[in-house]
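Chemist: Following this line is model.txt, made up of compact mmCIF, C-alpha atoms:
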# COMPACT_ATOMS: atom_id res chain seq x y z
CA MET A 1 -10.49 -31.77 13.81
CA ASN A 2 -10.17 -29.79 17.02
CA PHE A 3 -12.68 -27.03 17.80
CA ASP A 4 -10.75 -25.54 20.70
CA ILE A 5 -11.12 -21.81 19.95
CA GLU A 6 -8.06 -20.82 21.99
CA GLN A 7 -5.90 -23.25 20.07
CA MET A 8 -7.32 -21.92 16.79
CA VAL A 9 -6.46 -18.34 17.76
CA THR A 10 -2.97 -19.37 18.86
CA SER A 11 -2.22 -21.27 15.68
CA LYS A 12 -3.65 -18.45 13.56
CA GLN A 13 -1.33 -15.99 15.30
CA ALA A 14 1.60 -18.33 14.79
CA PHE A 15 0.73 -18.62 11.09
CA ARG A 16 0.57 -14.82 10.74
CA ARG A 17 3.95 -14.54 12.50
CA ARG A 18 5.43 -17.13 10.15
CA LEU A 19 4.13 -15.16 7.15
CA ALA A 20 5.43 -11.86 8.55
CA ASN A 21 8.88 -13.40 9.08
CA LEU A 22 9.24 -14.66 5.53
CA PRO A 23 12.00 -13.04 3.44
CA ILE A 24 10.67 -9.86 1.83
CA ALA A 25 11.11 -11.21 -1.73
CA GLU A 26 8.86 -14.14 -0.84
CA LYS A 27 6.25 -11.82 0.69
CA LEU A 28 6.25 -9.69 -2.47
CA HIS A 29 5.73 -12.82 -4.58
CA LEU A 30 2.73 -13.63 -2.37
CA LEU A 31 1.34 -10.14 -3.09
CA ASP A 32 1.78 -10.80 -6.82
CA ALA A 33 -0.12 -14.08 -6.49
CA MET A 34 -2.89 -12.53 -4.36
CA ARG A 35 -3.41 -9.72 -6.86
CA GLU A 36 -3.65 -12.17 -9.75
CA ARG A 37 -6.34 -14.04 -7.84
CA ALA A 38 -8.17 -10.82 -6.88
CA VAL A 39 -8.19 -9.67 -10.51
CA ALA A 40 -9.56 -13.05 -11.65
CA ILE A 41 -12.32 -12.94 -9.01
CA ARG A 42 -13.17 -9.34 -9.89
CA SER A 43 -13.52 -10.05 -13.59
CA ALA A 44 -15.65 -13.13 -12.85
CA ASN A 45 -17.90 -10.95 -10.66
CA GLN A 46 -18.17 -8.36 -13.42
CA ARG A 47 -19.22 -11.05 -15.89
CA GLN A 48 -21.88 -12.21 -13.43
CA ARG A 49 -23.06 -8.64 -12.91
CA ILE A 50 -23.45 -8.22 -16.65
CA GLN A 51 -25.57 -11.38 -16.72
CA ALA A 52 -27.61 -10.13 -13.75
CA HIS A 53 -28.33 -6.83 -15.47
CA GLU A 54 -29.13 -8.13 -18.92
CA GLN A 55 -32.01 -6.55 -20.79
CA PRO A 56 -35.35 -7.91 -19.47
CA PRO A 57 -37.32 -9.84 -22.09
CA ASP A 58 -39.91 -7.90 -24.01
CA TYR A 59 -43.32 -9.36 -23.13
CA GLY A 60 -45.12 -7.10 -25.50
CA LYS A 61 -47.34 -4.12 -24.82
CA LYS A 62 -50.53 -4.25 -22.84
CA SER A 63 -53.45 -3.96 -25.08
CA MET B 1 2.86 -9.33 -12.74
CA LYS B 2 5.79 -8.53 -10.44
CA ILE B 3 6.26 -5.91 -7.74
CA GLU B 4 10.02 -6.40 -8.02
CA GLU B 5 9.79 -5.02 -11.58
CA VAL B 6 7.88 -1.99 -10.26
CA ILE B 7 10.68 -1.32 -7.76
CA ARG B 8 13.31 -1.74 -10.47
CA THR B 9 11.44 0.74 -12.72
CA VAL B 10 11.12 3.33 -9.93
CA ASN B 11 14.85 2.98 -9.19
CA GLN B 12 15.55 3.64 -12.88
CA MET B 13 13.33 6.73 -12.75
CA LYS B 14 15.42 7.99 -9.85
CA ALA B 15 18.68 7.16 -11.64
CA HIS B 16 17.46 9.01 -14.76
CA GLY B 17 16.49 12.07 -12.71
CA VAL B 18 12.74 11.77 -13.35
CA ILE B 19 12.07 11.75 -9.60
CA ALA B 20 14.24 13.07 -6.81
CA ASN B 21 13.41 10.45 -4.25
CA TYR B 22 10.73 7.91 -3.49
CA ALA B 23 9.37 5.61 -0.81
CA ILE B 24 6.90 2.76 -0.92
CA GLY B 25 3.88 3.23 1.34
CA GLY B 26 0.40 1.70 1.68
CA ALA B 27 -0.22 -2.03 1.87
CA VAL B 28 2.94 -2.90 -0.07
CA GLY B 29 5.03 -0.78 2.31
CA ALA B 30 3.35 -2.47 5.28
CA THR B 31 4.22 -5.88 3.83
CA PHE B 32 7.89 -5.13 4.51
CA TYR B 33 7.03 -5.36 8.25
CA LEU B 34 3.87 -7.49 8.45
CA GLU B 35 2.29 -10.52 6.83
CA PRO B 36 1.30 -9.81 3.21
CA VAL B 37 -2.19 -8.36 2.77
CA SER B 38 -3.97 -8.44 -0.56
CA THR B 39 -3.90 -5.10 -2.37
CA LEU B 40 -4.83 -3.92 -5.82
CA ASP B 41 -2.25 -1.17 -6.28
CA VAL B 42 1.18 0.11 -5.27
CA ASP B 43 1.52 3.52 -3.59
CA ILE B 44 4.79 5.24 -4.40
CA PHE B 45 5.36 8.53 -2.62
CA ILE B 46 7.67 10.79 -4.54
CA ASP B 47 9.68 13.87 -3.96
CA VAL B 48 8.89 16.11 -6.90
CA HIS B 49 10.01 19.64 -7.50
CA ALA B 50 7.75 22.37 -8.79
CA MET B 51 8.36 23.43 -12.38
CA ALA B 52 10.80 26.31 -12.82
CA GLY B 53 9.09 29.65 -12.20
CA SER B 54 5.92 27.99 -10.92
CA SER B 55 4.52 26.56 -7.73
CA ILE B 56 2.67 23.85 -9.63
CA ILE B 57 3.85 20.29 -9.21
CA SER B 58 3.51 18.32 -12.40
CA LEU B 59 3.57 14.56 -12.69
CA ASP B 60 3.82 14.79 -16.49
CA PRO B 61 7.53 13.91 -16.68
CA ILE B 62 6.77 10.69 -14.78
CA PHE B 63 3.86 9.77 -17.02
CA SER B 64 5.72 10.52 -20.26
CA TYR B 65 8.80 8.57 -19.05
CA LEU B 66 6.63 5.53 -18.32
CA ARG B 67 4.50 5.89 -21.46
CA GLU B 68 7.70 5.88 -23.56
CA ARG B 69 8.51 2.55 -21.92
CA GLY B 70 5.19 1.02 -22.88
CA CYS B 71 3.26 1.57 -19.63
CA LYS B 72 -0.45 2.30 -19.91
CA MET B 73 -2.48 4.81 -17.91
CA GLU B 74 -5.53 3.55 -16.03
CA GLY B 75 -7.36 6.41 -14.33
CA GLU B 76 -5.00 7.86 -11.76
CA HIS B 77 -2.69 4.82 -12.01
CA VAL B 78 0.12 3.86 -14.33
CA VAL B 79 0.28 0.15 -15.01
CA VAL B 80 3.85 -1.05 -14.50
CA SER B 81 4.52 -4.75 -14.99
CA GLY B 82 0.83 -5.54 -14.50
CA TRP B 83 0.53 -3.51 -11.26
CA PRO B 84 -1.44 -0.25 -11.11
CA VAL B 85 0.99 2.20 -9.52
CA GLN B 86 -0.07 5.49 -8.00
CA PHE B 87 2.58 8.21 -7.73
CA LEU B 88 1.76 10.48 -4.81
CA PRO B 89 3.46 13.74 -3.92
CA PRO B 90 3.52 14.42 -0.16
CA THR B 91 0.25 15.95 1.01
CA GLY B 92 1.50 17.17 4.38
CA PRO B 93 4.46 17.42 6.75
CA LEU B 94 4.03 13.89 8.15
CA ILE B 95 4.40 12.32 4.71
CA GLU B 96 7.26 14.70 3.88
CA GLU B 97 9.10 13.45 6.97
CA ALA B 98 8.22 9.82 6.18
CA LEU B 99 9.70 10.27 2.72
CA ALA B 100 12.87 11.90 4.06
CA ARG B 101 13.39 9.20 6.71
CA ALA B 102 12.46 6.17 4.61
CA VAL B 103 14.79 3.20 4.90
CA GLU B 104 16.46 1.21 2.17
CA VAL B 105 15.70 -2.52 2.09
CA ASP B 106 17.39 -5.06 -0.12
CA VAL B 107 14.96 -7.13 -2.20
CA GLN B 108 17.10 -9.85 -3.75
CA GLY B 109 19.74 -7.36 -4.83
CA ILE B 110 17.25 -4.59 -5.71
CA PRO B 111 17.30 -1.61 -3.33
CA ALA B 112 13.82 -0.49 -2.26
CA ARG B 113 13.04 2.64 -0.23
CA VAL B 114 10.21 2.05 2.22
CA PHE B 115 8.54 4.17 4.92
CA THR B 116 9.55 3.15 8.43
CA ALA B 117 7.01 1.05 10.34
CA GLU B 118 6.44 3.96 12.75
CA HIS B 119 5.69 6.39 9.92
CA LEU B 120 3.36 3.87 8.24
CA GLY B 121 1.54 3.48 11.56
CA ALA B 122 1.28 7.25 12.07
CA ILE B 123 0.03 7.79 8.51
CA ALA B 124 -2.58 5.05 9.04
CA LEU B 125 -3.75 6.79 12.21
CA GLN B 126 -3.91 10.15 10.43
CA THR B 127 -5.75 8.77 7.39
CA GLY B 128 -8.18 6.98 9.70
CA ARG B 129 -10.24 4.85 7.29
CA ALA B 130 -11.38 1.44 8.56
CA LYS B 131 -8.65 -0.35 6.61
CA ASP B 132 -6.01 2.06 7.96
CA LYS B 133 -7.13 1.35 11.53
CA ALA B 134 -6.96 -2.38 10.81
CA ARG B 135 -3.43 -1.93 9.51
CA LEU B 136 -2.35 0.02 12.58
CA LEU B 137 -3.79 -2.74 14.74
CA GLN B 138 -1.77 -5.28 12.76
CA PHE B 139 1.41 -3.28 13.41
CA ILE B 140 0.64 -3.22 17.13
CA GLU B 141 -0.31 -6.90 17.38
CA ALA B 142 2.81 -7.90 15.46
CA ARG B 143 4.91 -5.67 17.77
CA ALA B 144 6.38 -4.17 14.61
CA LEU B 145 6.45 -0.62 16.00
CA ASP B 146 9.06 0.97 18.20
CA ARG B 147 6.43 2.35 20.59
CA SER B 148 8.43 5.35 21.84
CA ARG B 149 9.47 6.42 18.32
CA PHE B 150 5.85 5.98 17.15
CA GLU B 151 4.41 8.03 20.03
CA GLU B 152 7.01 10.73 19.48
CA ILE B 153 5.84 11.08 15.85
CA ILE B 154 2.20 11.03 17.00
CA SER B 155 2.72 13.90 19.42
CA ARG B 156 4.82 15.94 16.98
CA TYR B 157 2.07 15.81 14.34
CA GLY B 158 -0.86 16.53 16.66
CA LEU B 159 -2.30 13.03 16.53
CA ALA B 160 -2.38 12.43 20.30
CA ASP B 161 -6.18 12.66 20.52
CA GLN B 162 -6.69 10.26 17.64
CA TRP B 163 -4.18 7.87 19.25
CA GLN B 164 -6.01 8.04 22.56
CA LYS B 165 -9.34 7.32 20.87
CA PHE B 166 -7.80 4.46 18.91
CA GLN B 167 -6.39 2.93 22.10
CA GLN B 168 -9.76 3.22 23.86
CA GLN B 169 -11.58 1.72 20.91
CA PHE B 170 -9.25 -1.13 19.98
CA LEU B 171 -6.76 -1.71 22.77
CA GLY B 172 -9.05 -1.26 25.76
CA SER B 173 -6.82 1.34 27.39
Represent the structure of the file as structure tokens.
Modeler:
Amino acid sequence: MNFDIEQMVTSKQAFRRRLANLPIAEKLHLLDAMRERAVAIRSANQRQRIQAHEQPPDYGKKS
Amino acid sequence: MKIEEVIRTVNQMKAHGVIANYAIGGAVGATFYLEPVSTLDVDIFIDVHAMAGSSIISLDPIFSYLRERGCKMEGEHVVVSGWPVQFLPPTGPLIEEALARAVEVDVQGIPARVFTAEHLGAIALQTGRAKDKARLLQFIEARALDRSRFEEIISRYGLADQWQKFQQQFLGS
């Protein structure tokens, strides 16, 4: 693995250019796939949030 | 879940006279010029006429057309082929012009009307949220804008100050 930051930036830019130059139908399919993933992550997060906010146990009243 | 189906449905709406004209904007519109960026909905700008004898614009014909075809409403969106779609009438002269000058792009045999890159950039500058600024920066970095056409739109719609600030903040000029 190479940690040359300049090379990383250059290859990242090249990757973005490659994505931008894909045929539009392919880019729209990527959007479809990204949304499916985002929806799955969102619903998983919501499930977790429900667990995080579950009713606290009742320890009984102070006497 | 397919955006192509959304485009096909909107074309049918136009063919059936439900909408006069349309153009895709937002992140999906930007994807026609840039690398795809994850988004949760599709923004469709539409040319709608006020009801006869009234100045009120109603989106009811759109919603009933889509409901009859099995689409569900989700808040301000209509879910078409799994995608929440927002139908937006123009909110100002810049968007009116963007809608009138939108270009037709072929998506595997399906015609799609999309805002020009320059109009998408100008709208992003005008809207001015963080994600809009990021999008404008993407357009600039990707050299996807015709700079003179973009700056001509900017000056016509009184966005020169915002453009100057943006350049100082993000482009170091």
Chemist: Just the number, please: distance in Å from atom CA of B:Gln86 to atom CA of B:Pro111, one decimal.
Modeler: 19.3 Å
Chemist: Please list as an mmCIF file with C-alpha atoms, keeping the file's coordinate frame every residue within 12 Å of A:Arg17, counting only C-alpha atoms and excluding residues in the same chain fewer than 2 positions away.
Modeler:
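Okay, this is what ended up in around21.cif:
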data_model
loop_
_atom_site.group_PDB
_atom_site.id
_atom_site.type_symbol
_atom_site.label_atom_id
_atom_site.label_comp_id
_atom_site.auth_asym_id
_atom_site.auth_seq_id
_atom_site.Cartn_x
_atom_site.Cartn_y
_atom_site.Cartn_z
ATOM 1 C CA THR A 10 -2.970 -19.370 18.860
ATOM 2 C CA SER A 11 -2.220 -21.270 15.680
ATOM 3 C CA LYS A 12 -3.650 -18.450 13.560
ATOM 4 C CA GLN A 13 -1.330 -15.990 15.300
ATOM 5 C CA ALA A 14 1.600 -18.330 14.790
ATOM 6 C CA PHE A 15 0.730 -18.620 11.090
ATOM 7 C CA LEU A 19 4.130 -15.160 7.150
ATOM 8 C CA ALA A 20 5.430 -11.860 8.550
ATOM 9 C CA ASN A 21 8.880 -13.400 9.080
ATOM 10 C CA LEU A 22 9.240 -14.660 5.530
ATOM 11 C CA TYR B 33 7.030 -5.360 8.250
ATOM 12 C CA LEU B 34 3.870 -7.490 8.450
ATOM 13 C CA GLU B 35 2.290 -10.520 6.830
ATOM 14 C CA PRO B 36 1.300 -9.810 3.210
ATOM 15 C CA GLN B 138 -1.770 -5.280 12.760
ATOM 16 C CA PHE B 139 1.410 -3.280 13.410
ATOM 17 C CA GLU B 141 -0.310 -6.900 17.380
ATOM 18 C CA ALA B 142 2.810 -7.900 15.460
ATOM 19 C CA ARG B 143 4.910 -5.670 17.770
ATOM 20 C CA ALA B 144 6.380 -4.170 14.610
#
Chemist: Got a sec to check which residues sit within 10 Å of (5.8, -9.5, 0.3), counting all atoms listed in the file, and write them as a PyMOL selection string?
Modeler: (chain A and resi 19-20+22-32) or (chain B and resi 3-4+27-38+107)
Chemist: Store the residues picked out above in a file with C-alpha atoms, as a compact mmCIF listing (two decimals), keeping the file's coordinate frame.
Modeler:
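That gives us selection.txt:
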# COMPACT_ATOMS: atom_id res chain seq x y z
CA LEU A 19 4.13 -15.16 7.15
CA ALA A 20 5.43 -11.86 8.55
CA LEU A 22 9.24 -14.66 5.53
CA PRO A 23 12.00 -13.04 3.44
CA ILE A 24 10.67 -9.86 1.83
CA ALA A 25 11.11 -11.21 -1.73
CA GLU A 26 8.86 -14.14 -0.84
CA LYS A 27 6.25 -11.82 0.69
CA LEU A 28 6.25 -9.69 -2.47
CA HIS A 29 5.73 -12.82 -4.58
CA LEU A 30 2.73 -13.63 -2.37
CA LEU A 31 1.34 -10.14 -3.09
CA ASP A 32 1.78 -10.80 -6.82
CA ILE B 3 6.26 -5.91 -7.74
CA GLU B 4 10.02 -6.40 -8.02
CA ALA B 27 -0.22 -2.03 1.87
CA VAL B 28 2.94 -2.90 -0.07
CA GLY B 29 5.03 -0.78 2.31
CA ALA B 30 3.35 -2.47 5.28
CA THR B 31 4.22 -5.88 3.83
CA PHE B 32 7.89 -5.13 4.51
CA TYR B 33 7.03 -5.36 8.25
CA LEU B 34 3.87 -7.49 8.45
CA GLU B 35 2.29 -10.52 6.83
CA PRO B 36 1.30 -9.81 3.21
CA VAL B 37 -2.19 -8.36 2.77
CA SER B 38 -3.97 -8.44 -0.56
CA VAL B 107 14.96 -7.13 -2.20
Chemist: Can you work out the spacing between atom CA of B:Leu94 and atom CA of B:Ser58 in Å, to one decimal?
Modeler: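 Calculated distance between atom CA of B:Leu94 and atom CA of B:Ser58 is 21.0 Å.
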Chemist: Can you list, as a ChimeraX atom specification, every protein, DNA or RNA residue that comes within 10 Å of B:Leu66 when you count all atoms listed in the file, leaving out same-chain residues fewer than 5 positions away?
Modeler: /B:9-10,13,60-61,71-73,78-80
Chemist: Could the residues in this selection be written to a file with C-alpha atoms, as a JSON list (two decimals), in the frame of the given file?
Modeler:
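Result written to result-v9.json:
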[["chain", "number", "residue", "atom", "x", "y", "z"],
["B", 9, "THR", "CA", 11.44, 0.74, -12.72],
["B", 10, "VAL", "CA", 11.12, 3.33, -9.93],
["B", 13, "MET", "CA", 13.33, 6.73, -12.75],
["B", 60, "ASP", "CA", 3.82, 14.79, -16.49],
["B", 61, "PRO", "CA", 7.53, 13.91, -16.68],
["B", 71, "CYS", "CA", 3.26, 1.57, -19.63],
["B", 72, "LYS", "CA", -0.45, 2.30, -19.91],
["B", 73, "MET", "CA", -2.48, 4.81, -17.91],
["B", 78, "VAL", "CA", 0.12, 3.86, -14.33],
["B", 79, "VAL", "CA", 0.28, 0.15, -15.01],
["B", 80, "VAL", "CA", 3.85, -1.05, -14.50]]
Chemist: To one decimal place in Å, what is the distance between atom CA of B:Gln162 and atom CA of B:Asp43?
Modeler: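 That distance, rounded to one decimal, is 23.7 Å.
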Chemist: Using all atoms listed in the file, give me every residue within 12 Å of (14.8, 3.2, -10.0) in file coordinates, as a count of residues only.
Modeler: 28
Chemist: Check the smallest atom-to-atom distance from each of B:Asp161, B:Glu104, B:Glu118, B:Asp41 to chain A using all atoms listed in the file, then report the winner.
Modeler: B:Asp41
